[in-house]
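> My structure is stored as target.tsv, with TSV, C-alpha atoms.
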chain	number	residue	atom	x	y	z
A	351	MET	CA	75.72	-83.25	105.45
A	352	THR	CA	78.91	-85.17	106.11
A	353	ASP	CA	77.85	-85.93	109.67
A	354	MET	CA	74.49	-87.34	108.57
A	355	PRO	CA	74.00	-90.71	110.35
A	356	TYR	CA	71.69	-91.90	107.58
A	357	VAL	CA	72.35	-92.52	103.90
A	358	ALA	CA	68.83	-91.39	103.02
A	359	LEU	CA	65.81	-89.68	104.54
A	360	ILE	CA	62.28	-90.73	103.62
A	361	GLY	CA	58.96	-89.03	104.11
A	362	LEU	CA	56.01	-91.38	103.78
A	363	ASP	CA	52.46	-90.10	103.42
A	364	TRP	CA	50.28	-93.18	103.82
A	365	ALA	CA	46.78	-93.97	102.57
A	366	ASP	CA	44.58	-97.03	102.23
A	367	GLN	CA	45.39	-97.78	98.60
A	368	LYS	CA	48.82	-96.19	98.04
A	369	HIS	CA	51.68	-94.44	99.82
A	370	ASP	CA	53.43	-91.30	98.54
A	371	VAL	CA	57.17	-91.44	99.13
A	372	CYS	CA	59.73	-88.64	99.11
A	373	LEU	CA	63.36	-89.83	99.30
A	374	TYR	CA	66.31	-87.52	99.99
A	375	ASP	CA	69.71	-88.99	99.12
A	376	CYS	CA	72.14	-87.56	101.67
A	377	ALA	CA	75.27	-88.13	99.59
A	378	ALA	CA	73.94	-86.76	96.30
A	379	GLN	CA	71.71	-84.22	98.08
A	380	THR	CA	68.93	-84.97	95.62
A	381	GLN	CA	65.25	-85.54	96.19
A	382	GLU	CA	62.96	-87.93	94.35
A	383	HIS	CA	59.30	-88.90	94.57
A	384	CYS	CA	57.47	-92.13	93.92
A	385	VAL	CA	54.21	-93.90	94.78
A	386	ILE	CA	54.07	-97.45	96.15
A	387	GLY	CA	51.10	-99.71	96.72
A	388	ALA	CA	49.68	-100.37	100.16
A	389	ARG	CA	49.71	-104.16	99.79
A	390	PRO	CA	52.37	-106.08	101.78
A	391	GLU	CA	53.94	-107.33	98.54
A	392	ALA	CA	54.43	-103.77	97.24
A	393	ILE	CA	55.96	-102.59	100.51
A	394	GLU	CA	58.28	-105.63	100.57
A	395	ALA	CA	59.48	-104.99	97.01
A	396	TRP	CA	60.12	-101.30	97.77
A	397	ALA	CA	62.04	-102.09	100.97
A	398	MET	CA	64.19	-104.67	99.19
A	399	GLN	CA	65.06	-102.12	96.50
A	400	LEU	CA	66.20	-99.73	99.23
A	401	ARG	CA	68.27	-102.47	100.88
A	402	VAL	CA	70.06	-103.26	97.61
A	403	ARG	CA	70.49	-99.60	96.62
A	404	TYR	CA	72.05	-98.53	99.94
A	405	GLY	CA	73.64	-101.80	101.01
A	406	GLY	CA	71.48	-102.16	104.11
A	407	GLN	CA	72.80	-98.92	105.65
A	408	PRO	CA	70.45	-97.02	108.01
A	409	ILE	CA	67.67	-94.98	106.47
A	410	ALA	CA	65.42	-92.62	108.45
A	411	VAL	CA	61.70	-92.81	107.73
A	412	CYS	CA	59.21	-90.20	108.92
A	413	LEU	CA	55.54	-91.17	108.93
A	414	GLU	CA	52.31	-90.02	110.55
A	415	GLN	CA	51.62	-93.23	112.39
A	416	LYS	CA	52.71	-94.84	115.63
A	417	ARG	CA	50.60	-97.93	115.16
A	418	GLY	CA	48.77	-99.36	112.23
A	419	PRO	CA	49.37	-101.48	109.13
A	420	LEU	CA	52.19	-99.38	107.65
A	421	ILE	CA	54.38	-99.22	110.73
A	422	TYR	CA	53.69	-102.92	111.37
A	423	ALA	CA	55.00	-103.63	107.88
A	424	LEU	CA	58.09	-101.40	108.18
A	425	CYS	CA	59.29	-102.35	111.66
A	426	LYS	CA	60.58	-105.72	110.46
A	427	TYR	CA	63.29	-104.07	108.32
A	428	GLU	CA	66.26	-103.46	110.61
A	429	PHE	CA	67.86	-100.82	108.34
A	430	LEU	CA	64.78	-98.56	108.49
A	431	VAL	CA	64.81	-96.22	111.51
A	432	LEU	CA	61.26	-95.00	112.08
A	433	TYR	CA	60.34	-91.51	113.27
A	434	PRO	CA	56.56	-91.42	113.92
A	435	VAL	CA	55.12	-87.92	114.20
A	436	ASN	CA	51.73	-86.67	115.25
A	437	PRO	CA	49.61	-85.85	112.17
A	438	GLN	CA	49.04	-82.40	113.69
A	439	THR	CA	52.80	-81.78	113.51
A	440	VAL	CA	52.86	-82.08	109.72
A	441	SER	CA	49.55	-80.24	109.39
A	442	LYS	CA	50.74	-77.23	111.42
A	443	TYR	CA	54.13	-77.26	109.68
A	444	ARG	CA	52.36	-77.21	106.31
A	445	GLN	CA	50.14	-74.30	107.33
A	446	VAL	CA	53.17	-72.17	108.22
A	447	PHE	CA	54.09	-72.01	104.54
A	448	THR	CA	50.63	-72.59	103.06
A	449	PRO	CA	48.10	-70.33	104.80
A	450	SER	CA	45.53	-71.30	102.16
A	451	ARG	CA	45.51	-74.83	103.71
A	452	ALA	CA	46.13	-76.41	100.30
A	453	LYS	CA	47.14	-80.05	100.79
A	454	ASP	CA	48.73	-82.68	98.59
A	455	ASP	CA	50.10	-86.10	99.54
A	456	PRO	CA	53.47	-85.71	97.74
A	457	THR	CA	53.91	-82.32	99.41
A	458	ASP	CA	53.26	-83.82	102.83
A	459	ALA	CA	55.87	-86.51	102.15
A	460	ALA	CA	58.38	-83.78	101.25
A	461	LEU	CA	57.53	-81.87	104.43
A	462	GLN	CA	58.28	-84.99	106.46
A	463	VAL	CA	61.71	-85.18	104.82
A	464	GLU	CA	62.22	-81.53	105.74
A	465	LEU	CA	61.34	-82.32	109.34
A	466	LEU	CA	64.02	-85.02	109.34
A	467	ARG	CA	66.61	-82.76	107.75
A	468	LYS	CA	66.06	-79.69	109.91
A	469	HIS	CA	64.34	-80.82	113.10
A	470	ARG	CA	65.40	-84.41	113.66
A	471	ASP	CA	66.79	-83.49	117.09
A	472	LYS	CA	63.20	-82.78	118.20
A	473	LEU	CA	61.83	-86.09	116.91
A	474	THR	CA	61.96	-89.43	118.70
A	475	VAL	CA	62.98	-92.73	117.18
A	476	TRP	CA	60.27	-95.35	117.52
A	477	GLN	CA	61.22	-97.97	120.08
A	478	PRO	CA	58.63	-100.75	120.24
A	479	ALA	CA	57.69	-102.07	123.65
A	480	SER	CA	58.07	-105.72	124.54
A	481	PRO	CA	55.70	-108.17	122.79
A	482	MET	CA	53.85	-108.83	126.05
A	483	LEU	CA	53.20	-105.15	126.65
A	484	ARG	CA	52.15	-104.55	123.05
A	485	LYS	CA	49.77	-107.49	123.21
A	486	LEU	CA	48.21	-106.10	126.39
A	487	GLN	CA	47.91	-102.70	124.77
A	488	ALA	CA	46.12	-104.15	121.74
A	489	LEU	CA	43.74	-106.13	123.96
A	490	VAL	CA	42.91	-103.05	126.05
A	491	GLU	CA	42.27	-100.96	122.96
A	492	TRP	CA	40.04	-103.58	121.33
A	493	ARG	CA	38.12	-104.01	124.58
A	494	ARG	CA	37.54	-100.27	124.68
A	495	THR	CA	36.23	-100.41	121.11
A	496	LEU	CA	33.76	-103.12	122.12
A	497	ILE	CA	32.64	-101.05	125.12
A	498	GLU	CA	31.88	-98.15	122.79
A	499	ASP	CA	29.94	-100.51	120.51
A	500	ILE	CA	27.94	-101.70	123.53
A	501	GLY	CA	27.03	-98.11	124.34
A	502	ARG	CA	25.88	-97.42	120.80
A	503	THR	CA	23.90	-100.65	120.56
A	504	THR	CA	22.24	-100.07	123.94
A	505	ASN	CA	21.24	-96.55	122.96
A	506	ARG	CA	19.66	-97.83	119.74
A	507	LEU	CA	17.83	-100.55	121.68
A	508	VAL	CA	16.45	-98.06	124.16
A	509	ASP	CA	15.37	-95.79	121.33
A	510	VAL	CA	13.37	-98.62	119.69
A	511	LEU	CA	11.76	-99.62	123.02
A	512	LYS	CA	10.63	-96.04	123.65
A	513	GLY	CA	8.44	-96.35	120.58
A	514	TYR	CA	6.34	-99.31	121.74
A	515	PHE	CA	7.52	-100.87	125.06
A	516	PRO	CA	8.84	-98.14	127.43
A	517	GLN	CA	8.06	-100.21	130.53
A	518	ALA	CA	11.05	-102.45	129.76
A	519	ILE	CA	13.30	-99.39	130.05
A	520	ASP	CA	11.73	-98.37	133.37
A	521	CYS	CA	12.30	-101.81	134.88
A	522	PHE	CA	16.06	-101.93	134.25
A	523	GLU	CA	18.43	-99.22	135.35
A	524	HIS	CA	21.35	-100.95	133.60
A	525	ARG	CA	20.53	-102.06	130.07
A	526	ASP	CA	23.98	-103.24	128.97
A	527	THR	CA	23.50	-106.52	130.84
A	528	MET	CA	22.66	-110.12	130.07
A	529	VAL	CA	19.54	-109.98	132.25
A	530	PHE	CA	18.15	-107.20	130.05
A	531	CYS	CA	18.94	-109.24	126.93
A	532	ASP	CA	17.32	-112.37	128.36
A	533	PHE	CA	14.23	-110.44	129.45
A	534	LEU	CA	13.66	-109.01	125.97
A	535	THR	CA	14.36	-112.37	124.36
A	536	GLN	CA	11.53	-113.95	126.39
A	537	TRP	CA	9.12	-111.01	126.44
A	538	SER	CA	9.60	-108.42	123.72
A	539	THR	CA	6.17	-106.80	124.23
A	540	LEU	CA	4.15	-105.64	127.21
A	541	SER	CA	1.26	-107.96	126.36
A	542	ALA	CA	3.61	-110.96	126.33
A	543	VAL	CA	5.04	-110.25	129.78
A	544	GLN	CA	1.59	-109.53	131.24
A	545	GLN	CA	0.50	-113.07	130.34
A	546	VAL	CA	2.95	-114.70	132.76
A	547	SER	CA	2.43	-114.95	136.52
A	548	ASP	CA	4.21	-112.96	139.21
A	549	GLU	CA	5.89	-116.17	140.38
A	550	GLN	CA	7.42	-116.72	136.94
A	551	LEU	CA	8.77	-113.20	136.87
A	552	GLN	CA	10.17	-113.58	140.40
A	553	GLN	CA	11.87	-116.81	139.34
A	554	PHE	CA	13.34	-115.10	136.26
A	555	PHE	CA	14.85	-112.30	138.33
A	556	CYS	CA	16.20	-114.70	140.96
A	557	GLU	CA	17.82	-116.88	138.31
A	558	HIS	CA	19.62	-113.77	137.09
A	559	HIS	CA	20.91	-112.99	140.60
A	560	SER	CA	18.44	-110.16	141.19
A	561	ARG	CA	17.16	-111.13	144.60
A	562	TYR	CA	16.20	-107.74	146.06
A	563	LYS	CA	12.51	-108.17	146.84
A	564	ASP	CA	11.67	-104.46	146.76
A	565	CYS	CA	13.35	-104.00	143.38
A	566	ASN	CA	11.63	-107.05	141.89
A	567	ALA	CA	8.27	-106.02	143.33
A	568	ARG	CA	8.63	-102.57	141.77
A	569	ARG	CA	9.47	-104.12	138.41
A	570	ILE	CA	6.51	-106.49	138.52
A	571	GLU	CA	4.14	-103.72	139.53
A	572	CYS	CA	5.38	-101.54	136.65
A	573	LEU	CA	4.79	-104.34	134.17
A	574	ARG	CA	1.48	-105.42	135.63
A	575	ASN	CA	-0.05	-101.92	135.72
A	576	GLY	CA	1.38	-100.70	132.45
A	577	ILE	CA	-0.69	-100.08	129.36
A	578	PRO	CA	0.63	-100.44	125.78
A	579	LEU	CA	2.02	-97.25	124.25
A	580	THR	CA	0.55	-98.36	120.92
A	581	GLN	CA	-1.29	-101.36	119.53
A	582	ASP	CA	-0.49	-100.56	115.92
A	583	SER	CA	0.74	-103.89	114.59
A	584	ALA	CA	2.89	-102.19	111.95
A	585	ILE	CA	4.91	-100.45	114.66
A	586	VAL	CA	4.91	-103.25	117.23
A	587	GLU	CA	5.85	-106.11	114.94
A	588	SER	CA	8.59	-104.24	113.10
A	589	SER	CA	9.98	-102.93	116.40
A	590	GLN	CA	9.98	-106.43	117.87
A	591	LEU	CA	12.13	-107.67	115.02
A	592	MET	CA	14.55	-104.78	115.46
A	593	VAL	CA	14.74	-105.37	119.21
A	594	GLN	CA	15.66	-109.01	118.69
A	595	ALA	CA	18.33	-108.03	116.18
A	596	LEU	CA	19.84	-105.49	118.61
A	597	VAL	CA	19.58	-107.89	121.55
A	598	SER	CA	21.51	-110.47	119.54
A	599	GLN	CA	24.24	-107.91	118.84
A	600	LEU	CA	24.34	-106.74	122.45
A	601	ARG	CA	24.56	-110.29	123.78
A	602	SER	CA	27.47	-111.06	121.43
A	603	LEU	CA	29.29	-107.86	122.44
A	604	LEU	CA	28.87	-108.57	126.15
A	605	THR	CA	30.24	-112.09	125.68
A	606	SER	CA	33.21	-110.77	123.71
A	607	VAL	CA	34.02	-108.16	126.37
A	608	ARG	CA	34.12	-110.89	129.01
A	609	GLN	CA	36.52	-112.90	126.85
A	610	PHE	CA	38.76	-109.87	126.37
A	611	GLU	CA	38.71	-109.05	130.08
A	612	ALA	CA	39.74	-112.60	130.95
A	613	GLN	CA	42.63	-112.44	128.47
A	614	ILE	CA	43.65	-108.97	129.67
A	615	ASP	CA	43.73	-110.24	133.24
A	616	ARG	CA	45.97	-113.15	132.25
A	617	GLU	CA	48.38	-110.97	130.25
A	618	PHE	CA	48.44	-108.24	132.90
A	619	ASN	CA	49.30	-110.63	135.73
A	620	GLN	CA	52.28	-111.97	133.79
A	621	LEU	CA	53.98	-108.56	133.69
A	622	PRO	CA	56.58	-107.82	136.40
A	623	ASP	CA	54.94	-104.59	137.61
A	624	ALA	CA	51.37	-105.87	137.65
A	625	ALA	CA	51.24	-106.11	141.45
A	626	ILE	CA	52.24	-102.44	141.81
A	627	PHE	CA	49.42	-101.12	139.65
A	628	ALA	CA	46.88	-103.64	140.92
A	629	ALA	CA	47.56	-102.40	144.47
A	630	LEU	CA	46.77	-98.77	143.65
A	631	PRO	CA	43.60	-97.59	145.44
A	632	HIS	CA	40.47	-97.94	143.30
A	633	ALA	CA	42.49	-99.08	140.29
A	634	GLY	CA	40.34	-102.14	139.67
A	635	THR	CA	40.73	-104.80	137.03
A	636	ASN	CA	40.02	-102.45	134.11
A	637	LEU	CA	42.00	-99.37	135.13
A	638	ALA	CA	45.14	-101.08	136.47
A	639	PRO	CA	46.25	-102.43	133.04
A	640	ARG	CA	45.67	-99.03	131.46
A	641	LEU	CA	47.77	-97.30	134.09
A	642	LEU	CA	50.56	-99.79	133.52
A	643	LEU	CA	50.39	-99.10	129.78
A	644	ALA	CA	50.39	-95.35	130.34
A	645	PHE	CA	53.59	-95.56	132.40
A	646	GLY	CA	55.14	-98.06	129.97
A	647	GLU	CA	58.40	-99.92	130.39
A	648	ASP	CA	60.70	-96.91	130.06
A	649	ARG	CA	60.45	-95.30	133.48
A	650	THR	CA	62.81	-92.48	132.47
A	651	ARG	CA	60.01	-91.20	130.27
A	652	TYR	CA	58.42	-89.31	133.15
A	653	GLN	CA	60.82	-87.32	135.30
A	654	THR	CA	58.04	-85.60	137.24
A	655	ALA	CA	54.32	-85.93	137.84
A	656	GLN	CA	53.87	-82.97	135.50
A	657	ASP	CA	55.25	-85.08	132.63
A	658	LEU	CA	52.49	-87.64	133.12
A	659	LEU	CA	49.84	-84.91	133.31
A	660	GLN	CA	51.07	-83.55	130.00
A	661	TYR	CA	50.94	-87.00	128.43
A	662	ALA	CA	47.37	-87.45	129.63
A	663	GLY	CA	46.38	-84.01	128.36
A	664	ILE	CA	45.24	-82.72	131.75
A	665	ALA	CA	48.18	-80.46	132.58
A	666	PRO	CA	47.22	-76.75	132.78
A	667	VAL	CA	48.62	-74.68	129.91
A	668	THR	CA	49.04	-70.92	130.07
A	669	GLU	CA	48.51	-68.77	126.99
A	670	ARG	CA	49.39	-65.05	126.88
A	671	SER	CA	48.71	-62.56	124.14
A	672	GLY	CA	49.04	-58.84	124.76
A	673	LYS	CA	47.21	-58.07	127.97
A	674	LYS	CA	45.23	-61.30	127.89
A	675	CYS	CA	46.18	-64.41	129.82
A	676	TRP	CA	44.18	-67.62	130.15
A	677	ILE	CA	44.75	-71.16	131.39
A	678	HIS	CA	43.26	-74.31	129.86
A	679	LEU	CA	43.91	-78.02	129.63
A	680	GLY	CA	46.69	-78.95	127.26
A	681	VAL	CA	46.28	-81.22	124.27
A	682	GLY	CA	48.24	-84.29	125.34
A	683	GLU	CA	49.19	-87.40	123.43
A	684	HIS	CA	45.93	-89.00	124.52
A	685	ARG	CA	44.14	-86.92	121.90
A	686	ASP	CA	45.46	-89.22	119.16
A	687	SER	CA	46.30	-92.88	118.72
A	688	TYR	CA	49.50	-92.59	120.75
A	689	ALA	CA	47.74	-93.20	124.03
A	690	LYS	CA	44.41	-94.89	123.38
A	691	PRO	CA	44.64	-97.12	126.46
A	692	PHE	CA	44.56	-94.01	128.63
A	693	ILE	CA	41.28	-92.77	127.16
A	694	GLY	CA	38.27	-93.30	129.40
A	695	VAL	CA	40.26	-94.44	132.40
A	696	GLY	CA	37.35	-93.49	134.61
A	697	GLU	CA	35.21	-96.31	133.23
Take the structure in the file and give it back as structure tokens.


Amino acid sequence: MTDMPYVALIGLDWADQKHDVCLYDCAAQTQEHCVIGARPEAIEAWAMQLRVRYGGQPIAVCLEQKRGPLIYALCKYEFLVLYPVNPQTVSKYRQVFTPSRAKDDPTDAALQVELLRKHRDKLTVWQPASPMLRKLQALVEWRRTLIEDIGRTTNRLVDVLKGYFPQAIDCFEHRDTMVFCDFLTQWSTLSAVQQVSDEQLQQFFCEHHSRYKDCNARRIECLRNGIPLTQDSAIVESSQLMVQALVSQLRSLLTSVRQFEAQIDREFNQLPDAAIFAALPHAGTNLAPRLLLAFGEDRTRYQTAQDLLQYAGIAPVTERSGKKCWIHLGVGEHRDSYAKPFIGVGE
């Protein structure tokens, strides 16, 4: 252990309320365990104790996180060298010696120390990207979260409408739109929309930039000739209230997505390589930033196109066992939080 570049190795199994810590002192070759709180004040006090104990010399820390509150808290201490690992790495390593799949947080922390002691050459030190790139990455991820919320909210809205006002679904192919929200805000029942004239409906569609006469005529005919699915006031009135609640949520989500997209566009265009990715065929305003994030700032990361395929999890992997041989898609980094911006790039 005389060539150890660190004075101590730490395995950190994190949780919402507390973190289990295993510390290996490289000089004394001893191992100790402790539990620290998850609050910033507890992490600060623990880090300061380490600084005083080891005089600010480098300490390696292994943790199952590449982004999140814990790594955000630790990255500000220059003497802590972070080694993020995929949670599956620790899980599979644990199962090698514990086929029963028994799990304990202190044990996982000790396994992370063992990874540092015996397999550190296979681990990568965390090198944060530039603040601009990390900000773009966070914006893209949050936008994607909002898009998923829009999908869930729209599905719930459609499900409620099927129970009392299915004609509204038939009239709009795309329901995650402001025109759909505005339509249901004005007319949340079939009887309400049938009381207005064709001219009023035409004006509504035109004001929402839907000026295709055939499409509008089809919509109006569907509404005009429709009959109520049910006239049970218990169902209709309760469903109306739920529709308005969901429409309010959907409208807010759509507005927020627009705000995020505007900010993403501003941040993306400030990056030096933005023009390269924006010029890629069919990249578009949503995909181009994600491609830039996938490639990152370190262009030595991918030596070949195969490296990028492996990162994205779409590289073919061959498995052989006895006389059997099969090929399937690999499990790339995009399966976990390491590459969230790359998920759903086809959107």

> Please list as number ranges by chain every residue within 10 Å of range 459-474 of chain A, counting only C-alpha atoms and excluding residues in the same chain fewer than 3 positions away.

A: 351, 354, 358-364, 369-374, 376, 381-383, 410-414, 432-435, 439-441, 443-444, 454-456, 477

> Taking into account only C-alpha atoms, which residue in the set A:Val607, A:Arg601, A:Met482, A:Gly501 is nearest to Pro622 in chain A?

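Of A:Val607, A:Arg601, A:Met482, A:Gly501, the one nearest Pro622 in chain A, counting only C-alpha atoms, is A:Met482.
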
> Taking all atoms listed in the file into account, which of A:Pro481, A:Pro408, A:Pro449, A:Pro639 comes nearest Phe429 in chain A?

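When distances to Phe429 in chain A are compared using all atoms listed in the file, the smallest one comes from A:Pro408.
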
> Using all atoms listed in the file, determine which residues lie at most 12 Å from Leu579 in chain A, disregarding the query and same-chain residues fewer than 4 positions distant; provide the list as an MDAnalysis selection string.

chainID A and resid 511:518 539:541 583 585:586

> Which distance in Å separates CA of Cys521 in chain A and CA of Phe533 in chain A, to one decimal?

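Pair CA of Cys521 in chain A / CA of Phe533 in chain A returns 10.4 Å.
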
> In Å, with one decimal, what is the gap from CA of Ala395 in chain A to CA of Gln407 in chain A?

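CA of Ala395 in chain A sits 17.0 Å away from CA of Gln407 in chain A.
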
> Using all atoms listed in the file, determine which residues lie at most 12 Å from Ala595 in chain A, disregarding the query and same-chain residues fewer than 6 positions distant; provide the list as a PyMOL selection string.

chain A and resi 503-504+506-507+510+531+534-535+538+588-589+601-602

> Could those selected residues go to a file with C-alpha atoms, as a compact mmCIF listing (two decimals), in the frame of the given file?


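The new file again_37.txt reads:
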# COMPACT_ATOMS: atom_id res chain seq x y z
CA THR A 503 23.90 -100.65 120.56
CA THR A 504 22.24 -100.07 123.94
CA ARG A 506 19.66 -97.83 119.74
CA LEU A 507 17.83 -100.55 121.68
CA VAL A 510 13.37 -98.62 119.69
CA CYS A 531 18.94 -109.24 126.93
CA LEU A 534 13.66 -109.01 125.97
CA THR A 535 14.36 -112.37 124.36
CA SER A 538 9.60 -108.42 123.72
CA SER A 588 8.59 -104.24 113.10
CA SER A 589 9.98 -102.93 116.40
CA ARG A 601 24.56 -110.29 123.78
CA SER A 602 27.47 -111.06 121.43

> With distances taken over only C-alpha atoms, which residue among A:Tyr427, A:Glu498, A:Leu679, A:Lys416 lies nearest Pro478 in chain A?

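Of all the options, A:Lys416 lies closest to Pro478 in chain A.
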
> Which residue out of A:Gly387, A:Ala584, A:Arg417, A:Ala365 has the minimum interatomic distance to Glu491 in chain A when all atoms listed in the file are used?

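Answer, going by the shortest atom-to-atom distance: A:Arg417.
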
> In Å to one decimal, how far is CA of Trp476 in chain A from CA of Val431 in chain A?

7.6 Å

> For Ala479 in chain A, list every protein, DNA or RNA residue within 8 Å, evaluated using all atoms listed in the file, and leave out those in the same chain fewer than 4 positions away; present the list as a list in words.

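The contact residues come out as Leu483, Arg484, Gly646 and Glu647 of chain A.
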
> Which one of A:Gln415, A:Thr495, A:Gln552, A:Thr380 sits closest to Ala567 in chain A if you count all atoms listed in the file?

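The shortest atom-to-atom distance to Ala567 in chain A comes from A:Gln552.
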
> Nearest residue to Gln487 in chain A out of A:Ala633, A:Leu551, A:Leu641, A:Ile393, using only C-alpha atoms?

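Closest to Gln487 in chain A of all the choices is A:Leu641.
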